[in-house]
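The file run00.csv comes next; it holds CSV, C-alpha atoms.
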chain,number,residue,atom,x,y,z
A,1,MET,CA,76.5,109.5,74.8
A,2,GLU,CA,78.5,106.4,73.7
A,3,PHE,CA,81.6,108.4,74.3
A,4,PHE,CA,80.8,108.7,78.0
A,5,ARG,CA,80.2,104.9,78.2
A,6,PHE,CA,83.7,104.5,76.7
A,7,ALA,CA,85.2,107.0,79.1
A,8,ALA,CA,83.5,105.4,82.1
A,9,LEU,CA,84.9,102.0,81.1
A,10,PHE,CA,88.4,103.4,80.4
A,11,PHE,CA,88.8,105.2,83.7
A,12,THR,CA,87.2,102.4,85.7
A,13,GLY,CA,89.5,99.8,84.1
A,14,GLY,CA,92.6,102.0,84.4
A,15,ILE,CA,92.1,102.8,88.1
A,16,ALA,CA,91.0,99.2,89.0
A,17,GLY,CA,94.0,97.8,87.0
A,18,TRP,CA,96.4,100.2,88.9
A,19,VAL,CA,95.0,99.0,92.3
A,20,LEU,CA,95.4,95.3,91.2
A,21,GLU,CA,99.0,95.8,90.0
A,22,LEU,CA,99.9,97.8,93.1
A,23,PHE,CA,98.9,95.0,95.5
A,24,PHE,CA,100.2,92.3,93.2
A,25,ARG,CA,103.6,93.9,93.3
A,26,ARG,CA,103.4,94.4,97.0
A,27,ILE,CA,102.7,90.6,97.5
A,28,VAL,CA,105.3,89.5,95.0
A,29,HIS,CA,108.1,92.0,95.7
A,30,HIS,CA,107.2,92.7,99.3
A,31,LYS,CA,107.3,96.5,98.7
A,32,TRP,CA,105.2,99.2,97.3
A,33,VAL,CA,105.9,100.0,93.7
A,34,ASN,CA,103.9,102.6,91.7
A,35,PRO,CA,103.0,100.5,88.6
A,36,GLY,CA,102.9,101.9,85.0
A,37,PHE,CA,104.2,104.9,83.2
A,38,LEU,CA,102.0,107.5,84.7
A,39,THR,CA,102.5,108.8,88.2
A,40,GLY,CA,98.8,108.9,89.1
A,41,PRO,CA,96.6,105.9,89.9
A,42,LEU,CA,95.7,104.9,86.4
A,43,LEU,CA,97.0,102.3,83.9
A,44,PRO,CA,95.8,103.1,80.4
A,45,LEU,CA,96.5,99.6,79.2
A,46,TYR,CA,93.8,98.2,81.6
A,47,GLY,CA,91.5,101.0,80.6
A,48,PHE,CA,91.6,100.1,77.0
A,49,GLY,CA,91.5,96.5,78.0
A,50,LEU,CA,88.2,96.8,79.8
A,51,THR,CA,86.7,98.8,76.9
A,52,ALA,CA,87.8,96.0,74.5
A,53,LEU,CA,86.3,93.4,76.9
A,54,TYR,CA,83.0,95.2,77.0
A,55,TYR,CA,82.5,95.9,73.3
A,56,LEU,CA,83.7,92.5,72.1
A,57,THR,CA,81.3,90.8,74.5
A,58,ALA,CA,78.4,93.1,73.5
A,59,LEU,CA,78.8,92.3,69.8
A,60,PRO,CA,76.3,89.9,68.2
A,61,TYR,CA,77.6,86.5,67.5
A,62,ASP,CA,74.4,84.9,66.0
A,63,TRP,CA,76.3,84.3,62.7
A,64,ALA,CA,78.5,81.7,64.4
A,65,GLY,CA,75.6,79.3,64.7
A,66,PRO,CA,75.4,77.1,67.9
A,67,PHE,CA,75.2,78.9,71.3
A,68,TRP,CA,78.3,77.2,72.6
A,69,LEU,CA,80.3,78.2,69.5
A,70,GLN,CA,79.3,81.8,70.0
A,71,TYR,CA,80.8,81.9,73.5
A,72,VAL,CA,84.0,80.1,72.3
A,73,LEU,CA,84.5,82.6,69.5
A,74,LYS,CA,83.7,85.5,71.8
A,75,ILE,CA,86.3,84.4,74.4
A,76,LEU,CA,88.9,83.6,71.6
A,77,PHE,CA,88.4,87.1,70.0
A,78,ILE,CA,88.9,88.7,73.4
A,79,GLY,CA,92.2,86.8,74.0
A,80,ILE,CA,93.4,87.9,70.6
A,81,ALA,CA,92.3,91.5,71.1
A,82,MET,CA,93.9,91.9,74.5
A,83,THR,CA,97.2,90.5,73.1
A,84,VAL,CA,97.0,93.0,70.3
A,85,VAL,CA,96.4,95.9,72.8
A,86,GLU,CA,99.4,94.7,74.8
A,87,LEU,CA,101.5,94.4,71.7
A,88,ILE,CA,100.6,97.9,70.4
A,89,ALA,CA,101.3,99.5,73.8
A,90,GLY,CA,104.6,97.7,74.1
A,91,LEU,CA,105.7,98.7,70.7
A,92,ILE,CA,104.8,102.4,71.3
A,93,PHE,CA,106.9,102.6,74.4
A,94,ILE,CA,109.8,100.4,73.4
A,95,LYS,CA,110.2,101.5,69.8
A,96,GLY,CA,108.9,105.0,70.1
A,97,MET,CA,110.0,106.1,73.6
A,98,LYS,CA,112.8,103.5,74.5
A,99,ILE,CA,110.9,102.7,77.6
A,100,LYS,CA,110.2,99.1,78.8
A,101,LEU,CA,107.1,98.8,81.1
A,102,TRP,CA,107.1,95.0,81.3
A,103,ASP,CA,109.4,92.3,80.1
A,104,TYR,CA,108.5,88.7,79.0
A,105,SER,CA,111.9,88.0,77.6
A,106,ASP,CA,112.3,85.0,79.8
A,107,ARG,CA,109.0,83.5,78.8
A,108,TRP,CA,108.7,80.8,76.1
A,109,GLY,CA,107.6,82.0,72.6
A,110,ASN,CA,107.8,85.7,73.5
A,111,PHE,CA,107.9,88.4,70.8
A,112,GLN,CA,110.5,91.1,71.7
A,113,GLY,CA,109.6,90.6,75.4
A,114,ILE,CA,106.3,92.3,74.8
A,115,ILE,CA,103.8,89.4,74.4
A,116,CYS,CA,104.0,85.7,75.0
A,117,PRO,CA,101.7,82.7,74.8
A,118,LEU,CA,101.4,82.4,78.6
A,119,PHE,CA,100.1,85.9,79.0
A,120,SER,CA,97.9,85.5,76.0
A,121,LEU,CA,96.4,82.5,77.7
A,122,ILE,CA,96.0,84.5,80.9
A,123,TRP,CA,94.2,87.3,79.0
A,124,THR,CA,91.9,84.7,77.4
A,125,ALA,CA,91.1,83.3,80.9
A,126,ILE,CA,90.4,86.8,82.1
A,127,GLY,CA,88.1,87.3,79.1
A,128,ALA,CA,86.2,84.1,80.0
A,129,GLY,CA,85.7,85.3,83.5
A,130,TYR,CA,84.5,88.7,82.3
A,131,VAL,CA,82.0,87.2,79.8
A,132,PHE,CA,80.4,84.8,82.3
A,133,LEU,CA,80.6,86.9,85.5
A,134,LEU,CA,81.2,90.6,85.0
A,135,HIS,CA,79.7,91.8,81.8
A,136,PRO,CA,76.1,92.1,83.2
A,137,LEU,CA,77.5,94.3,86.0
A,138,PHE,CA,79.2,96.6,83.6
A,139,VAL,CA,76.1,96.9,81.4
A,140,ASN,CA,74.1,98.0,84.5
A,141,TYR,CA,76.9,100.3,85.5
A,142,THR,CA,77.2,102.1,82.2
A,143,ASN,CA,73.4,102.2,81.8
A,144,TRP,CA,73.2,103.9,85.2
A,145,ILE,CA,75.6,106.6,83.9
A,146,PHE,CA,73.4,107.1,80.9
A,147,ASN,CA,70.4,107.7,83.1
A,148,ASN,CA,72.4,109.9,85.6
A,149,PRO,CA,74.9,111.9,83.5
A,150,SER,CA,75.3,114.9,85.7
A,151,PRO,CA,77.4,113.3,88.5
A,152,PHE,CA,79.6,111.5,86.0
A,153,LEU,CA,80.2,114.7,84.0
A,154,PHE,CA,81.8,116.3,87.1
A,155,VAL,CA,83.9,113.3,87.9
A,156,PHE,CA,84.9,112.9,84.3
A,157,GLY,CA,86.0,116.5,84.1
A,158,VAL,CA,88.2,116.1,87.2
A,159,LEU,CA,89.7,112.9,85.9
A,160,VAL,CA,90.5,114.3,82.5
A,161,GLY,CA,92.2,117.3,84.0
A,162,VAL,CA,94.3,115.2,86.4
A,163,LEU,CA,95.2,112.8,83.5
A,164,ALA,CA,96.3,115.7,81.3
A,165,ILE,CA,98.6,117.0,84.0
A,166,ASP,CA,99.9,113.5,84.7
A,167,ILE,CA,100.6,112.8,81.0
A,168,GLY,CA,102.5,116.2,80.7
A,169,TYR,CA,104.5,115.5,83.8
A,170,SER,CA,105.3,111.9,82.8
A,171,PHE,CA,106.5,112.8,79.3
A,172,GLN,CA,108.7,115.6,80.7
A,173,LEU,CA,110.2,113.0,83.0
A,174,VAL,CA,110.9,110.6,80.1
A,175,VAL,CA,112.6,113.4,78.2
A,176,LYS,CA,114.7,114.2,81.3
A,177,ILE,CA,115.7,110.6,81.8
A,178,ARG,CA,116.4,109.9,78.1
A,179,LYS,CA,118.7,113.1,78.1
A,180,ALA,CA,120.4,112.0,81.3
A,181,VAL,CA,121.0,108.4,80.0
A,182,ALA,CA,122.2,109.9,76.7
A,183,GLU,CA,122.1,106.6,74.8
A,184,LYS,CA,119.5,106.5,72.0
A,185,LYS,CA,119.7,102.7,71.6
A,186,LEU,CA,119.3,101.9,75.3
A,187,VAL,CA,115.8,100.8,76.4
A,188,VAL,CA,115.1,102.0,79.9
A,189,ASP,CA,113.4,99.5,82.1
A,190,TRP,CA,110.8,101.7,84.0
A,191,ASP,CA,110.4,99.4,87.0
A,192,LYS,CA,114.1,98.8,87.4
A,193,ILE,CA,115.0,102.5,87.3
A,194,LYS,CA,112.3,103.2,89.9
A,195,ALA,CA,113.7,100.4,92.0
A,196,SER,CA,117.2,101.9,91.6
A,197,PHE,CA,116.2,105.3,92.7
A,198,SER,CA,114.3,103.8,95.7
A,199,LEU,CA,117.3,101.7,96.7
A,200,GLN,CA,119.7,104.7,96.5
A,201,ARG,CA,117.4,106.7,98.8
A,202,ARG,CA,117.3,103.9,101.3
A,203,ARG,CA,121.1,103.7,101.2
A,204,LEU,CA,121.2,107.4,101.9
A,205,LYS,CA,118.7,106.8,104.7
A,206,GLU,CA,116.2,109.0,103.0
A,207,HIS,CA,112.5,108.5,102.7
A,208,ALA,CA,111.7,106.6,99.4
A,209,ASN,CA,108.5,108.1,98.0
A,210,TRP,CA,107.1,105.2,96.0
A,211,ILE,CA,104.4,107.4,94.3
A,212,PHE,CA,106.8,110.1,93.1
A,213,ALA,CA,109.7,107.7,92.6
A,214,PHE,CA,111.8,110.1,90.5
A,215,TYR,CA,111.4,113.2,92.6
A,216,ALA,CA,114.9,114.7,93.2
A,217,ASN,CA,116.7,117.9,92.8
A,218,GLY,CA,119.1,118.5,89.9
A,219,GLU,CA,122.3,117.2,91.4
A,220,GLU,CA,120.7,114.3,93.2
A,221,PHE,CA,118.9,113.3,90.0
A,222,LYS,CA,122.1,113.3,88.0
A,223,SER,CA,123.9,111.2,90.7
A,224,MET,CA,121.1,108.6,90.7
A,225,ILE,CA,121.1,108.4,86.9
A,226,VAL,CA,124.9,107.8,87.0
A,227,HIS,CA,124.4,105.0,89.6
A,228,TYR,CA,121.7,103.5,87.4
A,229,LYS,CA,123.9,103.5,84.4
A,230,GLU,CA,126.6,101.8,86.4
A,231,GLU,CA,124.1,99.1,87.4
A,232,LEU,CA,123.2,98.7,83.7
A,233,ALA,CA,126.9,98.3,82.7
A,234,ALA,CA,127.5,95.8,85.5
A,235,ALA,CA,124.4,93.8,84.5
A,236,SER,CA,125.4,93.9,80.8
A,237,GLN,CA,128.9,92.6,81.7
A,238,ALA,CA,127.5,89.9,83.8
A,239,ARG,CA,125.2,88.7,80.9
A,240,GLN,CA,128.2,88.7,78.5
A,241,GLU,CA,130.3,86.7,81.0
A,242,LYS,CA,127.4,84.2,81.4
A,243,ILE,CA,127.1,83.8,77.6
A,244,LYS,CA,130.9,83.3,77.3
A,245,ALA,CA,130.8,80.7,80.2
A,246,LYS,CA,128.0,78.8,78.5
A,247,LYS,CA,129.8,78.9,75.1
A,248,LEU,CA,133.0,77.7,76.8
A,249,ALA,CA,131.2,74.9,78.6
A,250,LYS,CA,129.6,73.8,75.4
A,251,GLU,CA,132.9,73.7,73.6
A,252,GLN,CA,134.6,71.8,76.4
A,253,LYS,CA,131.8,69.3,76.4
A,254,LYS,CA,132.1,68.9,72.6
A,255,GLU,CA,135.9,68.4,72.9
A,256,GLY,CA,135.3,65.8,75.7
A,257,LYS,CA,133.1,63.7,73.4
A,258,LEU,CA,135.7,63.8,70.7
Take the structure in the file and give it back as structure tokens.
Amino acid sequence: MEFFRFAALFFTGGIAGWVLELFFRRIVHHKWVNPGFLTGPLLPLYGFGLTALYYLTALPYDWAGPFWLQYVLKILFIGIAMTVVELIAGLIFIKGMKIKLWDYSDRWGNFQGIICPLFSLIWTAIGAGYVFLLHPLFVNYTNWIFNNPSPFLFVFGVLVGVLAIDIGYSFQLVVKIRKAVAEKKLVVDWDKIKASFSLQRRRLKEHANWIFAFYANGEEFKSMIVHYKEELAAASQARQEKIKAKKLAKEQKKEGKL
């Protein structure tokens, strides 16, 4: 039965995380963007994150001694665990699939753009909020599932089926995009390529489907990929020119001092 507790936490966290990310991006970018790698309304990172929060909070910390120290260690371990989950997920996608789902490259102290001190601190703060405010609610929620397994089993079966189809569809999409890009060393920014497809549709005065962002027929898909590659080349050239300009300015400043 513990598996069903894990499953309930995973799907609840994944769906809730998708909703939060969806509205966060709507507020920040002023447009609807389907967050994450999957097409459906689920972010596995948040699913695993909620399960980590639950089980780390439920662990006994009597060995730590004083009551206050138990809570400090509990929150600290949560912050570390959430950072590790984010690191593993980022490495799997960037190193294994050449897909970038988020980018902290402009943040201080970042590691390969996957994790950074700021977001580790944010995860720790979220962990503190969970420990003090939400954990009792999730204990009652999962206990209710234990006592009423039949409704959950039906919902669980539907969710697993939908997730399996979504994973298959999304991986086929990655293979298709990787083949179209045809550059093994290139890491595709998932959000940027979605935005590129959406912008091209608006330019063609077509409806931009933010849920199925990559839906297109064969020729249309190839055309959009070509346009995306041109955008990448232009962005790369702009970065190189910026680096050269900074280097030149530094040399001129050094010569001026001499």
* For Ile80 in chain A, list every protein, DNA or RNA residue within 12 Å, evaluated using only C-alpha atoms, and leave out those in the same chain fewer than 2 positions away; present the list as number ranges by chain. => A: 49, 52-53, 56, 73-78, 82-87, 115-117, 119-127
Write the residues you've just listed into a file as an mmCIF file, keeping the file's coordinate frame, and include C-alpha atoms for each of them.
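This is the output file selection-v4.cif:
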data_model
loop_
_atom_site.group_PDB
_atom_site.id
_atom_site.type_symbol
_atom_site.label_atom_id
_atom_site.label_comp_id
_atom_site.auth_asym_id
_atom_site.auth_seq_id
_atom_site.Cartn_x
_atom_site.Cartn_y
_atom_site.Cartn_z
ATOM 1 C CA GLY A 49 91.500 96.500 78.000
ATOM 2 C CA ALA A 52 87.800 96.000 74.500
ATOM 3 C CA LEU A 53 86.300 93.400 76.900
ATOM 4 C CA LEU A 56 83.700 92.500 72.100
ATOM 5 C CA LEU A 73 84.500 82.600 69.500
ATOM 6 C CA LYS A 74 83.700 85.500 71.800
ATOM 7 C CA ILE A 75 86.300 84.400 74.400
ATOM 8 C CA LEU A 76 88.900 83.600 71.600
ATOM 9 C CA PHE A 77 88.400 87.100 70.000
ATOM 10 C CA ILE A 78 88.900 88.700 73.400
ATOM 11 C CA MET A 82 93.900 91.900 74.500
ATOM 12 C CA THR A 83 97.200 90.500 73.100
ATOM 13 C CA VAL A 84 97.000 93.000 70.300
ATOM 14 C CA VAL A 85 96.400 95.900 72.800
ATOM 15 C CA GLU A 86 99.400 94.700 74.800
ATOM 16 C CA LEU A 87 101.500 94.400 71.700
ATOM 17 C CA ILE A 115 103.800 89.400 74.400
ATOM 18 C CA CYS A 116 104.000 85.700 75.000
ATOM 19 C CA PRO A 117 101.700 82.700 74.800
ATOM 20 C CA PHE A 119 100.100 85.900 79.000
ATOM 21 C CA SER A 120 97.900 85.500 76.000
ATOM 22 C CA LEU A 121 96.400 82.500 77.700
ATOM 23 C CA ILE A 122 96.000 84.500 80.900
ATOM 24 C CA TRP A 123 94.200 87.300 79.000
ATOM 25 C CA THR A 124 91.900 84.700 77.400
ATOM 26 C CA ALA A 125 91.100 83.300 80.900
ATOM 27 C CA ILE A 126 90.400 86.800 82.100
ATOM 28 C CA GLY A 127 88.100 87.300 79.100
#
* What is the distance between CA of Ala164 in chain A and CA of Arg26 in chain A, in Å to one decimal? -> 27.4 Å
* **Straight-line distance linking CA of Glu230 in chain A with CA of Ile167 in chain A, stated in Å to one decimal** => 28.7 Å
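Remark: residues at most 8 Å from position (125.7, 108.6, 80.2) in file coordinates are Ala180, Val181, Ala182, Glu183, Val226 and Lys229 of chain A, using all atoms listed in the file.
We find CA of Ala128 in chain A and CA of Gly14 in chain A to be spaced 19.5 Å apart.
Proximity ranking of A:Leu118, A:Val28, A:Val33, A:Ile88 relative to Ala195 in chain A places A:Val33 first, based on all atoms listed in the file.
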Phe11 in chain A environment, 12 Å, all atoms listed in the file, sequence neighbours closer than 4 positions dropped, as an mmCIF file with C-alpha atoms, keeping the file's coordinate frame:
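Here's the written file out17.cif:
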data_model
loop_
_atom_site.group_PDB
_atom_site.id
_atom_site.type_symbol
_atom_site.label_atom_id
_atom_site.label_comp_id
_atom_site.auth_asym_id
_atom_site.auth_seq_id
_atom_site.Cartn_x
_atom_site.Cartn_y
_atom_site.Cartn_z
ATOM 1 C CA PHE A 4 80.800 108.700 78.000
ATOM 2 C CA ARG A 5 80.200 104.900 78.200
ATOM 3 C CA PHE A 6 83.700 104.500 76.700
ATOM 4 C CA ALA A 7 85.200 107.000 79.100
ATOM 5 C CA ILE A 15 92.100 102.800 88.100
ATOM 6 C CA ALA A 16 91.000 99.200 89.000
ATOM 7 C CA GLY A 17 94.000 97.800 87.000
ATOM 8 C CA TRP A 18 96.400 100.200 88.900
ATOM 9 C CA GLY A 40 98.800 108.900 89.100
ATOM 10 C CA PRO A 41 96.600 105.900 89.900
ATOM 11 C CA LEU A 42 95.700 104.900 86.400
ATOM 12 C CA LEU A 43 97.000 102.300 83.900
ATOM 13 C CA PRO A 44 95.800 103.100 80.400
ATOM 14 C CA LEU A 45 96.500 99.600 79.200
ATOM 15 C CA TYR A 46 93.800 98.200 81.600
ATOM 16 C CA GLY A 47 91.500 101.000 80.600
ATOM 17 C CA PHE A 48 91.600 100.100 77.000
ATOM 18 C CA GLY A 49 91.500 96.500 78.000
ATOM 19 C CA LEU A 50 88.200 96.800 79.800
ATOM 20 C CA THR A 51 86.700 98.800 76.900
ATOM 21 C CA PHE A 152 79.600 111.500 86.000
ATOM 22 C CA VAL A 155 83.900 113.300 87.900
ATOM 23 C CA PHE A 156 84.900 112.900 84.300
ATOM 24 C CA GLY A 157 86.000 116.500 84.100
ATOM 25 C CA VAL A 158 88.200 116.100 87.200
ATOM 26 C CA LEU A 159 89.700 112.900 85.900
ATOM 27 C CA VAL A 160 90.500 114.300 82.500
ATOM 28 C CA VAL A 162 94.300 115.200 86.400
ATOM 29 C CA LEU A 163 95.200 112.800 83.500
#
* To do: Give the answer as one residue: which of A:Leu20, A:Leu199, A:Ile145, A:Met97 has the shortest atom-to-atom distance to Gln172 in chain A, using all atoms listed in the file?
  => A:Met97
* **Selection as a count of residues only: residues within 8 Å of (107.6, 108.3, 89.7), counting all atoms listed in the file** => 10
* Would you please work out which residue, of A:Val188, A:Val72, A:Ile193, A:Val175, is nearest to Phe132 in chain A when using all atoms listed in the file? => A:Val72
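Of the residues listed (A:Gly65, A:Pro151, A:Gly129, A:Gly168), A:Gly129 shows the shortest atom-to-atom separation from Gly79 in chain A; distances use all atoms listed in the file.
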Could you write out as JSON the box around range 142-154 of chain A (axis-aligned, all atoms listed in the file, 6 Å on each side), with centre and edge lengths in Å to one decimal?
{"center_x": 76.1, "center_y": 109.2, "center_z": 84.7, "size_x": 23.4, "size_y": 26.2, "size_z": 19.6}
* To do: Excluding Trp190 in chain A and residues on its chain fewer than 5 positions from it, collect all residues at most 12 Å away from it, counting only C-alpha atoms, and give them as a ChimeraX atom specification.
  => /A:33-39,93-94,97-103,170,173-174,177-178,195-197,213-214,228
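Closest approach to Leu137 in chain A among A:Tyr54, A:Phe23, A:Tyr61, A:Phe10 is made by A:Tyr54 (distances from all atoms listed in the file).
Omitting Phe146 in chain A and its sequence neighbours fewer than 3 positions away, and counting all atoms listed in the file, the residues within 9 Å are Met1, Glu2, Phe4, Arg5, Tyr141, Thr142, Asn143 and Pro149 of chain A.
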Rebuild range 25-51 of chain A so that it carries N, CA and C atoms, then output the result as a PDB file, in the frame of the given file.
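selection.pdb was written with the following content:
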ATOM      1  N   ARG A  25     102.208  93.607  93.093  1.00  0.00           N
ATOM      2  CA  ARG A  25     103.600  93.900  93.300  1.00  0.00           C
ATOM      3  C   ARG A  25     104.029  93.891  94.720  1.00  0.00           C
ATOM      4  N   ARG A  26     103.100  94.361  95.557  1.00  0.00           N
ATOM      5  CA  ARG A  26     103.400  94.400  97.000  1.00  0.00           C
ATOM      6  C   ARG A  26     103.523  92.925  97.517  1.00  0.00           C
ATOM      7  N   ILE A  27     102.662  92.030  97.024  1.00  0.00           N
ATOM      8  CA  ILE A  27     102.700  90.600  97.500  1.00  0.00           C
ATOM      9  C   ILE A  27     103.932  89.920  96.906  1.00  0.00           C
ATOM     10  N   VAL A  28     104.231  90.169  95.615  1.00  0.00           N
ATOM     11  CA  VAL A  28     105.300  89.500  95.000  1.00  0.00           C
ATOM     12  C   VAL A  28     106.694  90.011  95.391  1.00  0.00           C
ATOM     13  N   HIS A  29     106.839  91.339  95.396  1.00  0.00           N
ATOM     14  CA  HIS A  29     108.100  92.000  95.700  1.00  0.00           C
ATOM     15  C   HIS A  29     108.287  92.440  97.122  1.00  0.00           C
ATOM     16  N   HIS A  30     107.211  92.330  97.902  1.00  0.00           N
ATOM     17  CA  HIS A  30     107.200  92.700  99.300  1.00  0.00           C
ATOM     18  C   HIS A  30     107.562  94.206  99.521  1.00  0.00           C
ATOM     19  N   LYS A  31     107.156  95.028  98.561  1.00  0.00           N
ATOM     20  CA  LYS A  31     107.300  96.500  98.700  1.00  0.00           C
ATOM     21  C   LYS A  31     106.349  97.180  97.807  1.00  0.00           C
ATOM     22  N   TRP A  32     106.082  98.439  98.136  1.00  0.00           N
ATOM     23  CA  TRP A  32     105.200  99.200  97.300  1.00  0.00           C
ATOM     24  C   TRP A  32     105.895  99.764  96.108  1.00  0.00           C
ATOM     25  N   VAL A  33     105.339  99.505  94.933  1.00  0.00           N
ATOM     26  CA  VAL A  33     105.900 100.000  93.700  1.00  0.00           C
ATOM     27  C   VAL A  33     104.756 100.632  92.876  1.00  0.00           C
ATOM     28  N   ASN A  34     104.928 101.898  92.496  1.00  0.00           N
ATOM     29  CA  ASN A  34     103.900 102.600  91.700  1.00  0.00           C
ATOM     30  C   ASN A  34     103.952 101.986  90.278  1.00  0.00           C
ATOM     31  N   PRO A  35     102.927 101.225  89.873  1.00  0.00           N
ATOM     32  CA  PRO A  35     103.000 100.500  88.600  1.00  0.00           C
ATOM     33  C   PRO A  35     102.704 101.482  87.406  1.00  0.00           C
ATOM     34  N   GLY A  36     103.276 101.147  86.260  1.00  0.00           N
ATOM     35  CA  GLY A  36     102.900 101.900  85.000  1.00  0.00           C
ATOM     36  C   GLY A  36     103.804 103.081  84.767  1.00  0.00           C
ATOM     37  N   PHE A  37     103.493 103.708  83.648  1.00  0.00           N
ATOM     38  CA  PHE A  37     104.200 104.900  83.200  1.00  0.00           C
ATOM     39  C   PHE A  37     103.824 106.160  83.828  1.00  0.00           C
ATOM     40  N   LEU A  38     102.526 106.317  84.060  1.00  0.00           N
ATOM     41  CA  LEU A  38     102.000 107.500  84.700  1.00  0.00           C
ATOM     42  C   LEU A  38     102.304 107.541  86.175  1.00  0.00           C
ATOM     43  N   THR A  39     102.270 108.717  86.765  1.00  0.00           N
ATOM     44  CA  THR A  39     102.500 108.800  88.200  1.00  0.00           C
ATOM     45  C   THR A  39     101.224 108.601  88.993  1.00  0.00           C
ATOM     46  N   GLY A  40     100.094 109.049  88.452  1.00  0.00           N
ATOM     47  CA  GLY A  40      98.800 108.900  89.100  1.00  0.00           C
ATOM     48  C   GLY A  40      98.268 107.487  89.074  1.00  0.00           C
ATOM     49  N   PRO A  41      97.175 107.232  89.812  1.00  0.00           N
ATOM     50  CA  PRO A  41      96.600 105.900  89.900  1.00  0.00           C
ATOM     51  C   PRO A  41      95.766 105.484  88.719  1.00  0.00           C
ATOM     52  N   LEU A  42      96.414 105.328  87.570  1.00  0.00           N
ATOM     53  CA  LEU A  42      95.700 104.900  86.400  1.00  0.00           C
ATOM     54  C   LEU A  42      96.652 104.225  85.405  1.00  0.00           C
ATOM     55  N   LEU A  43      96.243 103.049  84.902  1.00  0.00           N
ATOM     56  CA  LEU A  43      97.000 102.300  83.900  1.00  0.00           C
ATOM     57  C   LEU A  43      96.176 102.285  82.612  1.00  0.00           C
ATOM     58  N   PRO A  44      96.537 103.097  81.614  1.00  0.00           N
ATOM     59  CA  PRO A  44      95.800 103.100  80.400  1.00  0.00           C
ATOM     60  C   PRO A  44      95.577 101.782  79.701  1.00  0.00           C
ATOM     61  N   LEU A  45      96.577 100.900  79.828  1.00  0.00           N
ATOM     62  CA  LEU A  45      96.500  99.600  79.200  1.00  0.00           C
ATOM     63  C   LEU A  45      95.249  98.832  79.711  1.00  0.00           C
ATOM     64  N   TYR A  46      95.012  98.912  81.003  1.00  0.00           N
ATOM     65  CA  TYR A  46      93.800  98.200  81.600  1.00  0.00           C
ATOM     66  C   TYR A  46      92.556  98.973  81.203  1.00  0.00           C
ATOM     67  N   GLY A  47      92.655 100.289  81.051  1.00  0.00           N
ATOM     68  CA  GLY A  47      91.500 101.000  80.600  1.00  0.00           C
ATOM     69  C   GLY A  47      91.025 100.626  79.236  1.00  0.00           C
ATOM     70  N   PHE A  48      91.978 100.571  78.304  1.00  0.00           N
ATOM     71  CA  PHE A  48      91.600 100.100  77.000  1.00  0.00           C
ATOM     72  C   PHE A  48      91.248  98.637  76.958  1.00  0.00           C
ATOM     73  N   GLY A  49      91.869  97.885  77.859  1.00  0.00           N
ATOM     74  CA  GLY A  49      91.500  96.500  78.000  1.00  0.00           C
ATOM     75  C   GLY A  49      90.090  96.241  78.362  1.00  0.00           C
ATOM     76  N   LEU A  50      89.613  96.992  79.364  1.00  0.00           N
ATOM     77  CA  LEU A  50      88.200  96.800  79.800  1.00  0.00           C
ATOM     78  C   LEU A  50      87.247  97.266  78.715  1.00  0.00           C
ATOM     79  N   THR A  51      87.561  98.333  78.002  1.00  0.00           N
ATOM     80  CA  THR A  51      86.700  98.800  76.900  1.00  0.00           C
ATOM     81  C   THR A  51      86.616  97.689  75.818  1.00  0.00           C
TER      82      THR A  51
END
